Amino acid sequence: MAQTITDPTQAAAELAERFSRARRAVFFGGAGVSTASGIPDFRSADGLYHQHFAYPPEEMLSHGFFVSHTEEFYDFYRERMICLDARPNQAHRKLAELERDGRLAAVVTQNIDGLHQAAGSRVVHELHGSTHRNVCTRCGETYAAEWVMATDGVPRCEKCGGLVKPDVVLYGEQLDEHVLLASVRAISEADLLVIGGTSLVVYPAAGLVNYFQGEDLVIVNRDRTPQDDVADLVCACDIAAAFDF
Ligand code: ZN
């Protein structure tokens with residue numbers, strides 16, 4: 001049975017201690033890491049998305065919708081998925097610092113906002129891609145999120161006129177095999193795995209955790225997760241506060 005901590009100060013002290021002992025720590029993060037930076041989780045039912053858009057977000061973020069309603073896809077993508085004003089929070093900053101100090105081997109994230117890199121992290125496996133890379137489907141030219149924001153309607157490649165598609169894994173698309181393999185390798189070689197801001201019910205999060213063979217599994221999440229019972233420590237508190245050490 002896992003030890004559960006609800007006090008953020010105590011959680012931060014425990015995390016500091018565990019990171020100082022670890023030789024190959026890995027952080028696996030979900031939407032909760034980004035919501036602490038003010039980025040809304042489109043899966044959470046706050047009704048926000050239904051104010052301006054005629055379709056549910058899961059449909060607008062599907063491969064089929066991108067193909068059949070490309071302009072409406074980009075309306076949603078520009079307004080809701082690209083968050084250029086968001087800044088890294090304490091969790092992002094601490095993880096970057098731990099990597100610089102040689103205490104963290106990798107970040108594996110389900111988020112697409114690039115905030116780990118903005119905080120200074122270098123080894124970041126982005127399972128669902130990134131809004132900061134948008135790729136011409138014809139010639140492969142890559143465009144930044146700022147470039148997409150400056151376009152109207154369906155963005156076309158400046159070099160060849162081809163359709164530009166976000167390097168984001170849409171519903172109905174496969175995860176990038178190289179990113180997935182790198183994530184599996186990082187997790188399977190880790191001695192400390194800290195999972196944060198994810199309920200661990202959505203593929204591939206739940207499956208990836210099974211590759212962990214280390215001794216110390218920590219979960220930082222406000223709500224209970226299905227893995228709580230196999231964890232060594234559960235920090236049921238705010239993730240930014242838990243990384244304030
Ligand atoms: Zn092109």
# chains A, B, ... in the order shown; residues from 1 in each chain; ligands from 1

call {"tool": "residues_around", "arguments": {"residues": "segment 180-182 of chain A", "least_positions_apart": "5", "cutoff": "9 Å", "atoms": "only C-alpha atoms", "output": "PyMOL selection string"}}
result
chain A and resi 125-127+175+187+208

call {"tool": "write_last_selection", "arguments": {"atoms": "N, CA, C and O atoms", "output": "CSV table (one decimal), in the first residue's frame"}}
result
chain,number,residue,atom,x,y,z
A,125,HIS,N,10.6,13.6,-24.6
A,125,HIS,CA,9.9,12.7,-25.6
A,125,HIS,C,8.4,13.1,-25.6
A,125,HIS,O,7.7,12.9,-24.7
A,126,GLU,N,8.0,13.7,-26.8
A,126,GLU,CA,6.7,14.3,-26.9
A,126,GLU,C,5.8,13.2,-27.6
A,126,GLU,O,5.7,13.2,-28.8
A,127,LEU,N,5.1,12.4,-26.8
A,127,LEU,CA,4.3,11.3,-27.3
A,127,LEU,C,3.2,11.8,-28.3
A,127,LEU,O,2.9,11.1,-29.2
A,175,LEU,N,0.9,6.8,-32.8
A,175,LEU,CA,2.0,7.5,-32.2
A,175,LEU,C,3.2,7.3,-33.1
A,175,LEU,O,3.3,6.3,-33.7
A,187,ILE,N,11.9,4.8,-19.7
A,187,ILE,CA,11.1,4.4,-18.6
A,187,ILE,C,11.7,3.0,-18.1
A,187,ILE,O,11.8,2.8,-16.9
A,208,LEU,N,2.6,2.5,-20.7
A,208,LEU,CA,4.0,2.8,-20.6
A,208,LEU,C,4.5,2.6,-19.2
A,208,LEU,O,5.7,2.2,-19.0

call {"tool": "closest_atom_pairs", "arguments": {"of": "chain A", "to": "ligand 1", "cutoff": "7 Å", "atoms": "only C-alpha atoms and all ligand atoms", "output": "CSV"}}
result
residue,atom,partner,partner_atom_place_in_ligand_line,distance
A:Cys136,CA,ligand 1,1 (Zn),4.6
A:Thr137,CA,ligand 1,1 (Zn),6.7
A:Arg138,CA,ligand 1,1 (Zn),5.1
A:Cys139,CA,ligand 1,1 (Zn),4.0
A:Gly140,CA,ligand 1,1 (Zn),5.9
A:Glu141,CA,ligand 1,1 (Zn),5.4
A:Cys157,CA,ligand 1,1 (Zn),4.5
A:Glu158,CA,ligand 1,1 (Zn),6.6
A:Lys159,CA,ligand 1,1 (Zn),5.1
A:Cys160,CA,ligand 1,1 (Zn),4.2
A:Gly161,CA,ligand 1,1 (Zn),5.8
A:Gly162,CA,ligand 1,1 (Zn),4.8

call {"tool": "residues_around", "arguments": {"residues": "His116 of chain A", "least_positions_apart": "2", "cutoff": "12 Å", "atoms": "only C-alpha atoms", "output": "PyMOL selection string"}}
result
chain A and resi 27-30+33-34+37+86-97+99+106-114+118-126+130

call {"tool": "closest_residue", "arguments": {"among": "A:Ala12, A:Leu217, A:Arg103, A:Phe76", "to": "Asp229 of chain A", "atoms": "only C-alpha atoms"}}
result
A:Leu217

call {"tool": "residues_around", "arguments": {"residues": "Ile82 of chain A", "least_positions_apart": "3", "cutoff": "8 Å", "atoms": "only C-alpha atoms", "output": "ChimeraX atom specification"}}
result
/A:77-79,113,131,145

call {"tool": "select_by_dssp", "arguments": {"residues": "segment 11-242 of chain A", "states": "alpha helix (DSSP H)", "output": "ChimeraX atom specification"}}
result
/A:11-21,31-35,57-60,63-68,70-76,90-100,115-119,145-149,177-189,205-209,239-242

call {"tool": "residues_around", "arguments": {"residues": "Leu200 of chain A", "least_positions_apart": "3", "cutoff": "10 Å", "atoms": "only C-alpha atoms", "output": "ChimeraX atom specification"}}
result
/A:29-30,195-197,203-209,219,221,224-228

call {"tool": "write_last_selection", "arguments": {"atoms": "C-alpha atoms", "output": "tab-separated table (two decimals), in the first residue's frame"}}
result
chain	number	residue	atom	x	y	z
A	29	GLY	CA	3.68	14.00	-17.41
A	30	GLY	CA	0.12	14.57	-18.53
A	195	ILE	CA	4.27	10.39	-12.91
A	196	GLY	CA	2.56	13.74	-12.74
A	197	GLY	CA	-0.67	15.36	-13.84
A	203	TYR	CA	-3.67	5.11	-23.67
A	204	PRO	CA	-0.68	5.14	-23.84
A	205	ALA	CA	-0.01	6.39	-20.32
A	206	ALA	CA	-1.24	3.30	-18.50
A	207	GLY	CA	0.68	0.92	-20.76
A	208	LEU	CA	3.99	2.81	-20.62
A	209	VAL	CA	4.12	2.65	-16.83
A	219	ILE	CA	2.57	9.58	-8.52
A	221	ASN	CA	-1.87	13.86	-9.02
A	224	ARG	CA	-6.69	9.05	-7.46
A	225	THR	CA	-5.27	6.94	-10.32
A	226	PRO	CA	-5.56	3.21	-11.07
A	227	GLN	CA	-1.81	2.87	-10.34
A	228	ASP	CA	-1.95	4.35	-6.84

call {"tool": "residues_around", "arguments": {"residues": "Leu61 of chain A", "least_positions_apart": "2", "cutoff": "9 Å", "atoms": "only C-alpha atoms", "output": "list in words"}}
result
Pro56, Pro57, Glu58, Glu59, His63, Gly64, Phe65, Phe66, Phe73, Phe76, Tyr77, Val169, Leu170 and Tyr171 of chain A

call {"tool": "select_by_dssp", "arguments": {"residues": "segment 1-210 of chain A", "states": "strand (DSSP E)", "output": "MDAnalysis selection string"}}
result
chainID A and resid 3:5 25:29 104:109 124:126 129:136 142:143 164:168 192:196

call {"tool": "atom_distance", "arguments": {"atom1": "atom CA of His132 of chain A", "atom2": "atom CA of Ala144 of chain A"}}
result
5.1 Å

call {"tool": "atom_distance", "arguments": {"atom1": "atom CA of Ala36 of chain A", "atom2": "atom CA of Glu173 of chain A"}}
result
27.3 Å

call {"tool": "atom_distance", "arguments": {"atom1": "atom CA of Val194 of chain A", "atom2": "atom CA of Val26 of chain A"}}
result
6.4 Å

call {"tool": "closest_residue", "arguments": {"among": "A:Leu192, A:Val154, A:Leu15, A:Leu115", "to": "Ile39 of chain A", "atoms": "only C-alpha atoms"}}
result
A:Leu115

call {"tool": "closest_residue", "arguments": {"among": "A:Val148, A:Gln174, A:Asp223, A:Ala240", "to": "Thr198 of chain A", "atoms": "only C-alpha atoms"}}
result
A:Asp223

call {"tool": "residues_around", "arguments": {"residues": "Glu17 of chain A", "least_positions_apart": "6", "cutoff": "12 Å", "atoms": "only C-alpha atoms", "output": "PyMOL selection string"}}
result
chain A and resi 10-11+103+192+216+243+245

call {"tool": "closest_residue", "arguments": {"among": "A:Val218, A:Ala16, A:Leu233, A:Ala241", "to": "Gln3 of chain A", "atoms": "only C-alpha atoms"}}
result
A:Leu233
